[in-house]
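File shown: work_35.pdb. Contents: PDB, C-alpha atoms.
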ATOM      1  CA  MET A 307       0.000   0.000   0.000
ATOM      2  CA  ASN A 308       1.104   3.553  -0.618
ATOM      3  CA  ILE A 309       0.771   6.304   1.969
ATOM      4  CA  THR A 310      -2.672   7.453   0.799
ATOM      5  CA  GLN A 311      -3.958   3.889   0.900
ATOM      6  CA  LEU A 312      -2.517   3.400   4.389
ATOM      7  CA  PHE A 313      -4.312   6.542   5.565
ATOM      8  CA  ILE A 314      -7.595   5.433   3.998
ATOM      9  CA  THR A 315      -7.293   1.960   5.552
ATOM     10  CA  ILE A 316      -6.644   3.418   8.999
ATOM     11  CA  LEU A 317      -9.492   5.878   8.488
ATOM     12  CA  MET A 318     -11.818   2.923   7.816
ATOM     13  CA  MET A 319     -10.744   1.363  11.131
ATOM     14  CA  VAL A 320     -11.264   4.627  12.988
ATOM     15  CA  VAL A 321     -14.726   5.175  11.505
ATOM     16  CA  ALA A 322     -15.819   1.560  12.203
ATOM     17  CA  THR A 323     -14.448   1.609  15.773
ATOM     18  CA  GLN A 324     -15.971   4.982  16.593
ATOM     19  CA  PHE A 325     -19.265   3.944  15.007
ATOM     20  CA  THR A 326     -19.548   1.033  17.468
ATOM     21  CA  ARG A 327     -18.682   3.309  20.394
ATOM     22  CA  TRP A 328     -21.002   6.198  19.447
ATOM     23  CA  LEU A 329     -24.061   4.405  18.109
ATOM     24  CA  PRO A 330     -25.844   3.808  21.462
ATOM     25  CA  PHE A 331     -25.295   7.439  22.456
ATOM     26  CA  LEU A 332     -26.586   8.694  19.095
ATOM     27  CA  ILE A 333     -29.713   6.530  19.214
ATOM     28  CA  PHE A 334     -30.484   7.615  22.766
ATOM     29  CA  PRO A 335     -29.584  11.270  23.205
ATOM     30  CA  GLU A 336     -29.517  12.580  26.773
ATOM     31  CA  GLN A 337     -32.618  14.777  26.572
ATOM     32  CA  LYS A 338     -34.960  12.274  24.987
ATOM     33  CA  ALA A 339     -37.162  10.146  27.238
ATOM     34  CA  GLN A 340     -35.838   6.626  27.175
ATOM     35  CA  PRO A 341     -38.061   3.726  26.136
ATOM     36  CA  GLN A 342     -38.988   0.953  28.550
ATOM     37  CA  TRP A 343     -36.857  -1.706  26.872
ATOM     38  CA  LEU A 344     -33.759   0.412  27.310
ATOM     39  CA  ASN A 345     -34.367   0.351  31.017
ATOM     40  CA  PHE A 346     -34.653  -3.414  30.689
ATOM     41  CA  LEU A 347     -31.259  -3.547  29.019
ATOM     42  CA  ALA A 348     -29.612  -1.132  31.447
ATOM     43  CA  GLN A 349     -30.427  -3.443  34.344
ATOM     44  CA  ARG A 350     -28.963  -6.530  32.682
ATOM     45  CA  LEU A 351     -26.485  -5.630  29.969
ATOM     46  CA  PRO A 352     -23.604  -4.316  32.124
ATOM     47  CA  TYR A 353     -23.295  -7.697  33.833
ATOM     48  CA  ALA A 354     -23.870  -9.766  30.718
ATOM     49  CA  SER A 355     -21.166  -7.668  28.991
ATOM     50  CA  LEU A 356     -18.757  -8.448  31.800
ATOM     51  CA  GLY A 357     -19.459 -12.153  31.295
ATOM     52  CA  LEU A 358     -18.896 -11.738  27.560
ATOM     53  CA  LEU A 359     -15.664  -9.855  28.166
ATOM     54  CA  LEU A 360     -14.314 -12.544  30.489
ATOM     55  CA  MET A 361     -14.969 -15.260  27.928
ATOM     56  CA  TYR A 362     -13.506 -13.032  25.193
ATOM     57  CA  ALA A 363     -10.307 -12.686  27.232
ATOM     58  CA  LEU A 364     -10.110 -16.466  27.515
ATOM     59  CA  LYS A 365     -10.634 -17.171  23.818
ATOM     60  CA  ASP A 366      -6.965 -17.831  23.105
ATOM     61  CA  VAL A 367      -6.573 -20.482  25.790
ATOM     62  CA  ASP A 368      -5.619 -23.672  23.970
ATOM     63  CA  LEU A 369      -7.364 -26.678  25.500
ATOM     64  CA  THR A 370      -5.935 -29.118  22.960
ATOM     65  CA  LYS A 371      -2.256 -28.632  23.864
ATOM     66  CA  MET A 372      -0.270 -28.930  27.083
ATOM     67  CA  PRO A 373      -1.006 -27.579  29.691
ATOM     68  CA  TYR A 374      -4.648 -27.630  28.511
ATOM     69  CA  GLY A 375      -5.522 -24.278  30.076
ATOM     70  CA  ALA A 376      -4.242 -25.354  33.487
ATOM     71  CA  SER A 377      -2.327 -22.070  34.037
ATOM     72  CA  GLU A 378      -5.514 -20.055  33.561
ATOM     73  CA  LEU A 379      -7.629 -22.448  35.605
ATOM     74  CA  ILE A 380      -5.247 -22.558  38.569
ATOM     75  CA  ALA A 381      -4.585 -18.803  38.515
ATOM     76  CA  MET A 382      -8.306 -18.048  38.408
ATOM     77  CA  GLY A 383      -8.995 -20.534  41.193
ATOM     78  CA  PHE A 384      -6.313 -18.795  43.221
ATOM     79  CA  ILE A 385      -7.862 -15.381  42.484
ATOM     80  CA  THR A 386     -11.266 -16.684  43.590
ATOM     81  CA  LEU A 387      -9.761 -17.785  46.913
ATOM     82  CA  ILE A 388      -7.846 -14.643  47.818
ATOM     83  CA  HIS A 389     -10.546 -12.359  46.491
ATOM     84  CA  THR A 390     -13.215 -14.047  48.615
ATOM     85  CA  LYS A 391     -10.894 -13.756  51.612
ATOM     86  CA  TYR A 392      -9.478 -10.222  51.272
ATOM     87  CA  HIS A 393     -11.796  -8.418  48.812
ATOM     88  CA  ASN A 394      -8.841  -6.392  47.591
ATOM     89  CA  THR A 395      -9.025  -5.891  43.827
ATOM     90  CA  LEU A 396      -5.394  -4.920  43.263
ATOM     91  CA  LEU A 397      -4.042  -7.638  45.534
ATOM     92  CA  SER A 398      -6.111 -10.272  43.745
ATOM     93  CA  ILE A 399      -5.044  -9.118  40.288
ATOM     94  CA  GLY A 400      -1.377  -8.749  41.271
ATOM     95  CA  LEU A 401      -0.983 -12.067  43.049
ATOM     96  CA  GLY A 402      -3.177 -13.881  40.525
ATOM     97  CA  SER A 403      -1.058 -12.616  37.634
ATOM     98  CA  LEU A 404       2.107 -13.575  39.487
ATOM     99  CA  VAL A 405       0.833 -17.124  39.980
ATOM    100  CA  TYR A 406      -0.080 -17.254  36.293
ATOM    101  CA  LEU A 407       3.323 -16.002  35.129
ATOM    102  CA  VAL A 408       5.152 -18.562  37.258
ATOM    103  CA  LEU A 409       2.903 -21.381  36.040
ATOM    104  CA  PHE A 410       3.079 -20.303  32.408
ATOM    105  CA  ASN A 411       6.833 -19.660  32.232
ATOM    106  CA  VAL A 412       8.360 -21.919  34.860
ATOM    107  CA  VAL A 413       6.070 -24.829  35.648
ATOM    108  CA  PHE A 414       4.532 -25.743  32.293
TER     109      PHE A 414
ATOM    110  CA  MET B 747     -11.047  18.605  42.809
ATOM    111  CA  VAL B 748      -9.140  17.242  39.824
ATOM    112  CA  LEU B 749      -6.246  16.101  41.985
ATOM    113  CA  LYS B 750      -8.527  14.460  44.513
ATOM    114  CA  THR B 751     -10.400  12.573  41.778
ATOM    115  CA  LEU B 752      -7.114  11.620  40.129
ATOM    116  CA  LYS B 753      -5.915  10.139  43.412
ATOM    117  CA  LYS B 754      -9.134   8.178  43.680
ATOM    118  CA  ALA B 755      -9.071   6.976  40.059
ATOM    119  CA  PHE B 756      -5.399   6.067  39.676
ATOM    120  CA  PRO B 757      -5.429   2.840  41.758
ATOM    121  CA  TYR B 758      -8.340   1.545  39.693
ATOM    122  CA  THR B 759      -6.274   1.955  36.540
ATOM    123  CA  LEU B 760      -3.146   0.197  37.847
ATOM    124  CA  PRO B 761      -4.064  -3.225  36.416
ATOM    125  CA  VAL B 762      -4.749  -1.526  33.094
ATOM    126  CA  LEU B 763      -1.394   0.249  33.284
ATOM    127  CA  THR B 764       0.336  -3.105  33.741
ATOM    128  CA  GLY B 765      -1.717  -4.871  31.089
ATOM    129  CA  TYR B 766      -1.382  -2.059  28.561
ATOM    130  CA  LEU B 767       2.355  -1.755  29.142
ATOM    131  CA  PHE B 768       2.756  -5.280  27.849
ATOM    132  CA  LEU B 769       0.025  -5.279  25.226
ATOM    133  CA  GLY B 770       0.837  -1.827  23.859
ATOM    134  CA  PHE B 771       4.512  -2.694  23.977
ATOM    135  CA  SER B 772       3.901  -5.898  21.993
ATOM    136  CA  TYR B 773       1.884  -3.943  19.451
ATOM    137  CA  GLY B 774       4.731  -1.437  19.023
ATOM    138  CA  VAL B 775       7.260  -4.229  18.648
ATOM    139  CA  LEU B 776       5.144  -5.970  16.003
ATOM    140  CA  MET B 777       4.592  -2.753  14.057
ATOM    141  CA  ASN B 778       8.316  -2.071  14.012
ATOM    142  CA  LYS B 779       9.189  -5.645  13.028
ATOM    143  CA  THR B 780       6.588  -5.525  10.243
ATOM    144  CA  GLY B 781       8.364  -2.489   8.822
ATOM    145  CA  PHE B 782       6.252   0.504   9.856
ATOM    146  CA  ASN B 783       7.910   3.582  11.284
ATOM    147  CA  LEU B 784       7.111   5.294  14.566
ATOM    148  CA  PHE B 785       4.626   7.650  12.918
ATOM    149  CA  TRP B 786       2.267   4.820  11.902
ATOM    150  CA  THR B 787       2.602   2.997  15.220
ATOM    151  CA  SER B 788       1.736   6.103  17.169
ATOM    152  CA  PHE B 789      -0.841   7.430  14.704
ATOM    153  CA  MET B 790      -2.876   4.237  15.015
ATOM    154  CA  SER B 791      -2.748   4.234  18.812
ATOM    155  CA  LEU B 792      -3.868   7.860  18.869
ATOM    156  CA  THR B 793      -6.724   7.481  16.386
ATOM    157  CA  VAL B 794      -7.901   3.840  16.386
ATOM    158  CA  PHE B 795      -7.284   3.243  20.112
ATOM    159  CA  ALA B 796      -8.624  -0.318  20.266
ATOM    160  CA  GLY B 797      -6.259  -3.081  21.324
ATOM    161  CA  ALA B 798      -7.565  -6.122  19.465
ATOM    162  CA  MET B 799      -8.253  -3.973  16.424
ATOM    163  CA  GLN B 800      -4.701  -2.667  16.248
ATOM    164  CA  PHE B 801      -3.250  -6.162  16.299
ATOM    165  CA  ALA B 802      -5.580  -7.122  13.462
ATOM    166  CA  ALA B 803      -4.592  -3.880  11.737
ATOM    167  CA  ILE B 804      -0.999  -5.011  11.341
ATOM    168  CA  ALA B 805      -2.184  -7.842   9.106
ATOM    169  CA  LEU B 806      -4.698  -5.622   7.301
ATOM    170  CA  LEU B 807      -2.095  -2.944   6.572
ATOM    171  CA  SER B 808       0.338  -5.532   5.252
ATOM    172  CA  SER B 809      -2.127  -6.986   2.755
ATOM    173  CA  ALA B 810      -3.734  -5.607  -0.408
ATOM    174  CA  PHE B 811      -5.702  -2.345  -0.268
ATOM    175  CA  ASN B 812      -9.354  -3.114   0.444
ATOM    176  CA  PRO B 813     -11.145  -0.355   2.394
ATOM    177  CA  LEU B 814     -14.595  -1.983   2.407
ATOM    178  CA  SER B 815     -13.328  -5.280   3.780
ATOM    179  CA  THR B 816     -11.242  -3.365   6.349
ATOM    180  CA  PHE B 817     -14.352  -1.493   7.417
ATOM    181  CA  LEU B 818     -16.421  -4.685   7.819
ATOM    182  CA  VAL B 819     -13.703  -6.573   9.672
ATOM    183  CA  SER B 820     -13.267  -3.598  11.999
ATOM    184  CA  LEU B 821     -17.007  -3.460  12.683
ATOM    185  CA  LEU B 822     -17.072  -7.129  13.558
ATOM    186  CA  ILE B 823     -14.052  -6.974  15.854
ATOM    187  CA  ASN B 824     -15.460  -3.955  17.689
ATOM    188  CA  ILE B 825     -19.135  -4.882  17.726
ATOM    189  CA  ARG B 826     -19.017  -5.605  21.480
ATOM    190  CA  HIS B 827     -18.613  -1.856  22.065
ATOM    191  CA  LEU B 828     -22.342  -1.483  21.350
ATOM    192  CA  PHE B 829     -23.054  -3.297  24.607
ATOM    193  CA  TYR B 830     -20.611  -1.135  26.527
ATOM    194  CA  GLY B 831     -22.241   2.058  25.273
ATOM    195  CA  MET B 832     -25.700   0.782  26.165
ATOM    196  CA  SER B 833     -24.406  -0.147  29.627
ATOM    197  CA  VAL B 834     -22.990   3.264  30.499
ATOM    198  CA  LEU B 835     -25.607   5.524  28.855
ATOM    199  CA  ASP B 836     -26.850   6.642  32.261
ATOM    200  CA  LYS B 837     -23.453   6.892  33.906
ATOM    201  CA  TYR B 838     -22.064   8.997  31.064
ATOM    202  CA  ALA B 839     -25.127  11.253  30.792
ATOM    203  CA  ASN B 840     -24.742  14.966  31.562
ATOM    204  CA  SER B 841     -20.945  14.961  31.516
ATOM    205  CA  GLY B 842     -20.781  17.893  29.092
ATOM    206  CA  LYS B 843     -17.677  18.248  26.976
ATOM    207  CA  LYS B 844     -15.921  15.364  28.712
ATOM    208  CA  ARG B 845     -18.517  12.980  27.275
ATOM    209  CA  SER B 846     -17.164  13.006  23.713
ATOM    210  CA  PHE B 847     -13.745  11.868  24.861
ATOM    211  CA  MET B 848     -15.241   9.262  27.189
ATOM    212  CA  ILE B 849     -17.188   7.777  24.273
ATOM    213  CA  PHE B 850     -14.184   8.011  21.945
ATOM    214  CA  GLY B 851     -12.095   6.017  24.428
ATOM    215  CA  LEU B 852     -14.619   3.413  25.560
ATOM    216  CA  THR B 853     -12.303   0.379  25.470
ATOM    217  CA  ASP B 854     -12.845  -3.003  27.173
ATOM    218  CA  GLU B 855     -10.745  -1.912  30.104
ATOM    219  CA  THR B 856     -12.246   1.554  30.562
ATOM    220  CA  PHE B 857     -15.715   0.055  30.309
ATOM    221  CA  SER B 858     -14.932  -2.630  32.870
ATOM    222  CA  ILE B 859     -13.744  -0.066  35.416
ATOM    223  CA  ASN B 860     -16.376   2.602  34.849
ATOM    224  CA  ALA B 861     -19.306   0.199  34.594
ATOM    225  CA  GLY B 862     -18.173  -1.832  37.573
ATOM    226  CA  VAL B 863     -17.207   0.896  40.024
ATOM    227  CA  ASP B 864     -19.644   2.037  42.690
ATOM    228  CA  LEU B 865     -18.694   5.566  43.732
ATOM    229  CA  ASP B 866     -20.032   7.362  46.788
ATOM    230  CA  GLU B 867     -21.313  10.926  46.736
ATOM    231  CA  SER B 868     -17.982  12.480  47.733
ATOM    232  CA  VAL B 869     -16.512  11.667  44.307
ATOM    233  CA  HIS B 870     -17.119  13.778  41.205
ATOM    234  CA  LYS B 871     -18.335  10.814  39.158
ATOM    235  CA  LYS B 872     -18.149  12.241  35.645
ATOM    236  CA  LEU B 873     -14.649  13.514  36.305
ATOM    237  CA  PHE B 874     -13.692  10.080  37.621
ATOM    238  CA  TYR B 875     -14.933   8.367  34.433
ATOM    239  CA  PHE B 876     -13.134  10.961  32.337
ATOM    240  CA  ILE B 877      -9.840  10.562  34.208
ATOM    241  CA  VAL B 878      -9.991   6.756  33.954
ATOM    242  CA  THR B 879     -10.504   7.100  30.182
ATOM    243  CA  LEU B 880      -7.689   9.626  29.865
ATOM    244  CA  LEU B 881      -5.182   7.647  31.963
ATOM    245  CA  ASN B 882      -5.876   4.477  29.981
ATOM    246  CA  TYR B 883      -5.433   6.418  26.736
ATOM    247  CA  LEU B 884      -2.080   7.750  27.928
ATOM    248  CA  TYR B 885      -0.878   4.306  29.059
ATOM    249  CA  TRP B 886      -1.737   2.753  25.709
ATOM    250  CA  ASN B 887      -0.041   5.469  23.680
ATOM    251  CA  ILE B 888       3.093   5.592  25.791
ATOM    252  CA  ALA B 889       3.363   1.800  25.771
ATOM    253  CA  SER B 890       3.078   1.557  21.992
ATOM    254  CA  ILE B 891       5.790   4.179  21.499
ATOM    255  CA  LEU B 892       8.036   2.403  24.013
ATOM    256  CA  GLY B 893       7.459  -0.918  22.276
ATOM    257  CA  HIS B 894       8.295   0.547  18.908
ATOM    258  CA  GLN B 895      11.495   2.199  20.124
ATOM    259  CA  LEU B 896      12.676  -0.670  22.299
ATOM    260  CA  SER B 897      11.718  -3.522  19.995
ATOM    261  CA  PHE B 898      15.369  -4.565  19.769
ATOM    262  CA  MET B 899      15.208  -5.729  23.367
ATOM    263  CA  ILE B 900      11.902  -7.633  23.240
ATOM    264  CA  PRO B 901      11.433  -9.827  26.286
ATOM    265  CA  ASP B 902      11.168 -13.057  24.314
ATOM    266  CA  SER B 903      11.889 -15.221  27.305
ATOM    267  CA  ILE B 904       8.946 -14.247  29.487
ATOM    268  CA  LYS B 905       5.455 -14.474  28.081
ATOM    269  CA  GLY B 906       1.887 -14.293  29.293
ATOM    270  CA  PHE B 907       1.677 -10.750  30.683
ATOM    271  CA  GLU B 908      -1.633 -10.263  28.876
ATOM    272  CA  PHE B 909      -3.148 -12.320  31.655
ATOM    273  CA  VAL B 910      -3.182  -9.181  33.813
ATOM    274  CA  LEU B 911      -6.170  -8.008  31.787
ATOM    275  CA  THR B 912      -7.927 -11.368  32.100
ATOM    276  CA  ALA B 913      -7.336 -11.162  35.853
ATOM    277  CA  LEU B 914      -8.774  -7.624  35.878
ATOM    278  CA  PHE B 915     -11.931  -8.750  34.084
ATOM    279  CA  TYR B 916     -12.249 -11.771  36.326
ATOM    280  CA  VAL B 917     -11.931  -9.795  39.556
ATOM    281  CA  LEU B 918     -14.531  -7.290  38.335
ATOM    282  CA  PHE B 919     -16.693 -10.289  37.488
ATOM    283  CA  LEU B 920     -16.249 -11.597  41.054
ATOM    284  CA  ASN B 921     -17.099  -8.171  42.484
ATOM    285  CA  GLN B 922     -20.440  -8.277  40.682
ATOM    286  CA  TRP B 923     -20.906 -11.931  41.610
ATOM    287  CA  LYS B 924     -21.248 -10.861  45.249
ATOM    288  CA  ILE B 925     -24.556  -9.250  44.309
ATOM    289  CA  LYS B 926     -27.023 -12.124  43.947
ATOM    290  CA  ALA B 927     -29.332 -10.309  41.509
ATOM    291  CA  HIS B 928     -26.454  -9.854  39.035
ATOM    292  CA  ARG B 929     -25.309 -13.484  38.971
ATOM    293  CA  LEU B 930     -27.759 -14.725  36.382
ATOM    294  CA  TYR B 931     -26.732 -12.012  33.894
ATOM    295  CA  LEU B 932     -23.031 -12.583  34.445
ATOM    296  CA  LEU B 933     -23.658 -16.240  33.642
ATOM    297  CA  ILE B 934     -25.846 -15.467  30.632
ATOM    298  CA  GLY B 935     -23.055 -13.292  29.215
ATOM    299  CA  PHE B 936     -20.344 -15.849  29.817
ATOM    300  CA  VAL B 937     -22.241 -18.953  28.731
ATOM    301  CA  CYS B 938     -23.750 -17.409  25.584
ATOM    302  CA  THR B 939     -20.286 -16.236  24.517
ATOM    303  CA  LEU B 940     -18.870 -19.689  25.213
ATOM    304  CA  VAL B 941     -21.614 -21.328  23.146
ATOM    305  CA  ALA B 942     -21.068 -18.866  20.282
ATOM    306  CA  PHE B 943     -17.338 -19.532  20.442
ATOM    307  CA  TYR B 944     -17.871 -23.260  20.033
ATOM    308  CA  LEU B 945     -20.435 -22.789  17.293
ATOM    309  CA  VAL B 946     -18.581 -20.423  14.960
ATOM    310  CA  GLY B 947     -14.988 -20.339  16.181
ATOM    311  CA  ARG B 948     -12.440 -17.791  17.304
ATOM    312  CA  ALA B 949     -12.664 -15.399  14.375
ATOM    313  CA  GLN B 950     -16.188 -13.993  14.617
ATOM    314  CA  PHE B 951     -18.119 -15.361  17.550
ATOM    315  CA  LEU B 952     -18.904 -12.004  19.160
ATOM    316  CA  LEU B 953     -21.858 -11.050  16.958
ATOM    317  CA  LEU B 954     -23.564 -14.391  17.579
ATOM    318  CA  ALA B 955     -22.726 -14.115  21.285
ATOM    319  CA  MET B 956     -24.489 -10.750  21.517
ATOM    320  CA  ILE B 957     -27.581 -12.068  19.733
ATOM    321  CA  LEU B 958     -27.698 -15.089  22.055
ATOM    322  CA  ILE B 959     -27.326 -12.821  25.106
ATOM    323  CA  LEU B 960     -30.231 -10.596  24.057
ATOM    324  CA  PHE B 961     -32.302 -13.669  23.291
ATOM    325  CA  ALA B 962     -31.537 -15.274  26.654
ATOM    326  CA  MET B 963     -32.408 -12.077  28.529
ATOM    327  CA  VAL B 964     -35.769 -11.772  26.802
ATOM    328  CA  ILE B 965     -36.604 -15.427  27.485
ATOM    329  CA  GLU B 966     -35.556 -15.102  31.109
ATOM    330  CA  THR B 967     -37.772 -12.037  31.608
ATOM    331  CA  LYS B 968     -40.777 -13.643  29.880
ATOM    332  CA  TRP B 969     -40.321 -16.788  31.958
ATOM    333  CA  ARG B 970     -40.091 -14.781  35.144
ATOM    334  CA  ALA B 971     -43.203 -12.776  34.263
ATOM    335  CA  SER B 972     -45.214 -15.908  33.550
ATOM    336  CA  ARG B 973     -44.622 -17.331  37.004
TER     337      ARG B 973
END

How would this structure read if it were set down as structure tokens?
Amino acid sequence: MNITQLFITILMMVVATQFTRWLPFLIFPEQKAQPQWLNFLAQRLPYASLGLLLMYALKDVDLTKMPYGASELIAMGFITLIHTKYHNTLLSIGLGSLVYLVLFNVVF
Amino acid sequence: MVLKTLKKAFPYTLPVLTGYLFLGFSYGVLMNKTGFNLFWTSFMSLTVFAGAMQFAAIALLSSAFNPLSTFLVSLLINIRHLFYGMSVLDKYANSGKKRSFMIFGLTDETFSINAGVDLDESVHKKLFYFIVTLLNYLYWNIASILGHQLSFMIPDSIKGFEFVLTALFYVLFLNQWKIKAHRLYLLIGFVCTLVAFYLVGRAQFLLLAMILILFAMVIETKWRASR
């Protein structure tokens, strides 16, 4: 690609990305009264999206090869334990990631 | 006010800082190794500002010129943003000029923090959301520049730092799990995405996942109403 084509290609990505981020806000402007079904979504979608995001983050885990996702499974089990005990977000993320890195690089 | 909110917001963004340092760094390294100069690496981080998209972009930019296909692929990769926007419509309402930037920078990570956080009245909420968005934007851009410039010393030996972001999402998931009323929807989101993943594969399961989620939520509500 030449420079113009590179710019156009990147512009396409920007427009598509921004379209997906702006669309809900354009359909439902602040002043307009919001329909009932939007209220329905607002009560459910944030949590469903978090579930979607978690699965999305795990999509590259390879269950067909050693260690069959064991690093992720053990690290997440560990996070569940310390998070239930201490309820400290940063501590859970930090220690959980540490456990994962050791498992991923050293153990398996 | 700004400083106080910054102090409040910064700890929330620490996992993102760590995750972005490695992800943004990897992106910069890949861009450099693929043959792009610093301008393109940085220009994309400034304008596209979407992690998964920018990794896909490296392949798109290295292949034949096809703007329409680029546009469609980008839509599909980013389609999950629709759900994020819908989820924070109320939270982002009435934030004035800050709102445009908050919408521009609504990434997975910014969404997960801003949608998940429960702030008390002492915090200027809109400013908090704005600062989280801005900090994450800065981290991503700095990390991609660093990666580009330091690609000669790539840490090949140690891998798996991206897990910091998975851990972030998981802990936010657990935080919501504590609230019994939210559990069903967390599960609906996760299970529908899992099913979609097995049905259509890694490349484009998100669109199907979102349809399944909406479907499951409607069924669940109808079922509940009929009891």

Report task. Name all residues at most 6 Å from segment 315-323 of chain A (count all atoms listed in the file; drop same-chain ones fewer than 3 positions away) and give them as a PyMOL selection string. Result -> (chain A and resi 312+326) or (chain B and resi 794+813+817+820-821+824)

### Task
Quick one: everything within 9 Å of segment 385-387 of chain A, counting only C-alpha atoms, minus sequence neighbours fewer than 2 positions away in the same chain. Send it as a VMD selection string.
(chain A and resid 380 to 383 389 to 392 398 to 399 401 to 403) or (chain B and resid 913 916 to 917 920)

- Item | Point-to-point distance in Å for atom CA of Leu892 of chain B and atom CA of Val910 of chain B |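 These two atoms are separated by 18.9 Å.
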
To box segment 351-366 of chain A, take all atoms listed in the file, fit an axis-aligned box, add 8 Å on each side, and give centre and edge lengths in Å to one decimal, as lines of an AutoDock Vina configuration file.
center_x = -16.7
center_y = -11.1
center_z = 28.5
size_x = 35.5
size_y = 29.5
size_z = 26.7

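Neighbouring residues of Leu359 of chain A at 10 Å or closer, counting all atoms listed in the file and skipping chain neighbours under 6 positions away, are Tyr353 and Lys365 of chain A; Arg826, Asp854, Glu855, Ser858, Thr912, Phe915, Tyr916, Phe919, Gly935, Phe936, Thr939 and Leu952 of chain B.
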
Starting from the displayed file, determine the output of the PyMOL selection byres ((chain B and resi 889) around 8) and express the residue list as a PDB file with C-alpha atoms, in the coordinates of the input.
ATOM      1  CA  TYR B 766      -1.382  -2.059  28.561  1.00  0.00           C
ATOM      2  CA  LEU B 767       2.355  -1.755  29.142  1.00  0.00           C
ATOM      3  CA  PHE B 768       2.756  -5.280  27.849  1.00  0.00           C
ATOM      4  CA  LEU B 769       0.025  -5.279  25.226  1.00  0.00           C
ATOM      5  CA  GLY B 770       0.837  -1.827  23.859  1.00  0.00           C
ATOM      6  CA  PHE B 771       4.512  -2.694  23.977  1.00  0.00           C
ATOM      7  CA  GLY B 774       4.731  -1.437  19.023  1.00  0.00           C
ATOM      8  CA  TYR B 885      -0.878   4.306  29.059  1.00  0.00           C
ATOM      9  CA  TRP B 886      -1.737   2.753  25.709  1.00  0.00           C
ATOM     10  CA  ASN B 887      -0.041   5.469  23.680  1.00  0.00           C
ATOM     11  CA  ILE B 888       3.093   5.592  25.791  1.00  0.00           C
ATOM     12  CA  SER B 890       3.078   1.557  21.992  1.00  0.00           C
ATOM     13  CA  ILE B 891       5.790   4.179  21.499  1.00  0.00           C
ATOM     14  CA  LEU B 892       8.036   2.403  24.013  1.00  0.00           C
ATOM     15  CA  GLY B 893       7.459  -0.918  22.276  1.00  0.00           C
TER      16      GLY B 893
END

When the PyMOL selection byres ((chain A and resi 309) around 12) is applied to the file above, which residues end up in the set, as a list of chain:residue names?
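With the shown file as input, the PyMOL selection byres ((chain A and resi 309) around 12) matches A:Met307, A:Asn308, A:Thr310, A:Gln311, A:Leu312, A:Phe313, A:Ile314, A:Thr315, A:Ile316, B:Phe782, B:Phe785, B:Trp786, B:Leu807, B:Phe811.
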
| task | Determine, counting all atoms listed in the file, which protein, DNA and RNA residues have an atom within 9 Å of an atom of Thr759 of chain B; residues of the same chain fewer than 2 positions away are not included. Present the result as a ChimeraX atom specification. | result | /B:755-757,761-764,855-856,859,878,881-882

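The shortest atom-to-atom distance to chain B, with all atoms listed in the file taken into account, belongs to A:Gly357 out of A:Gly357, A:Leu409, A:Leu332, A:Gln340.
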
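Of note, atom CA of Ile804 of chain B and atom CA of Leu784 of chain B are spaced 13.5 Å apart.
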
Legend entry - Å distance separating atom CA of Pro341 of chain A from atom CA of Met956 of chain B, one decimal place: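 Between atom CA of Pro341 of chain A and atom CA of Met956 of chain B the gap works out to 20.4 Å.
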
Nearest to chain B, restricted to all atoms listed in the file and choosing among A:Leu397, A:Leu404, A:Ala354, A:Ile388, comes out as A:Ala354
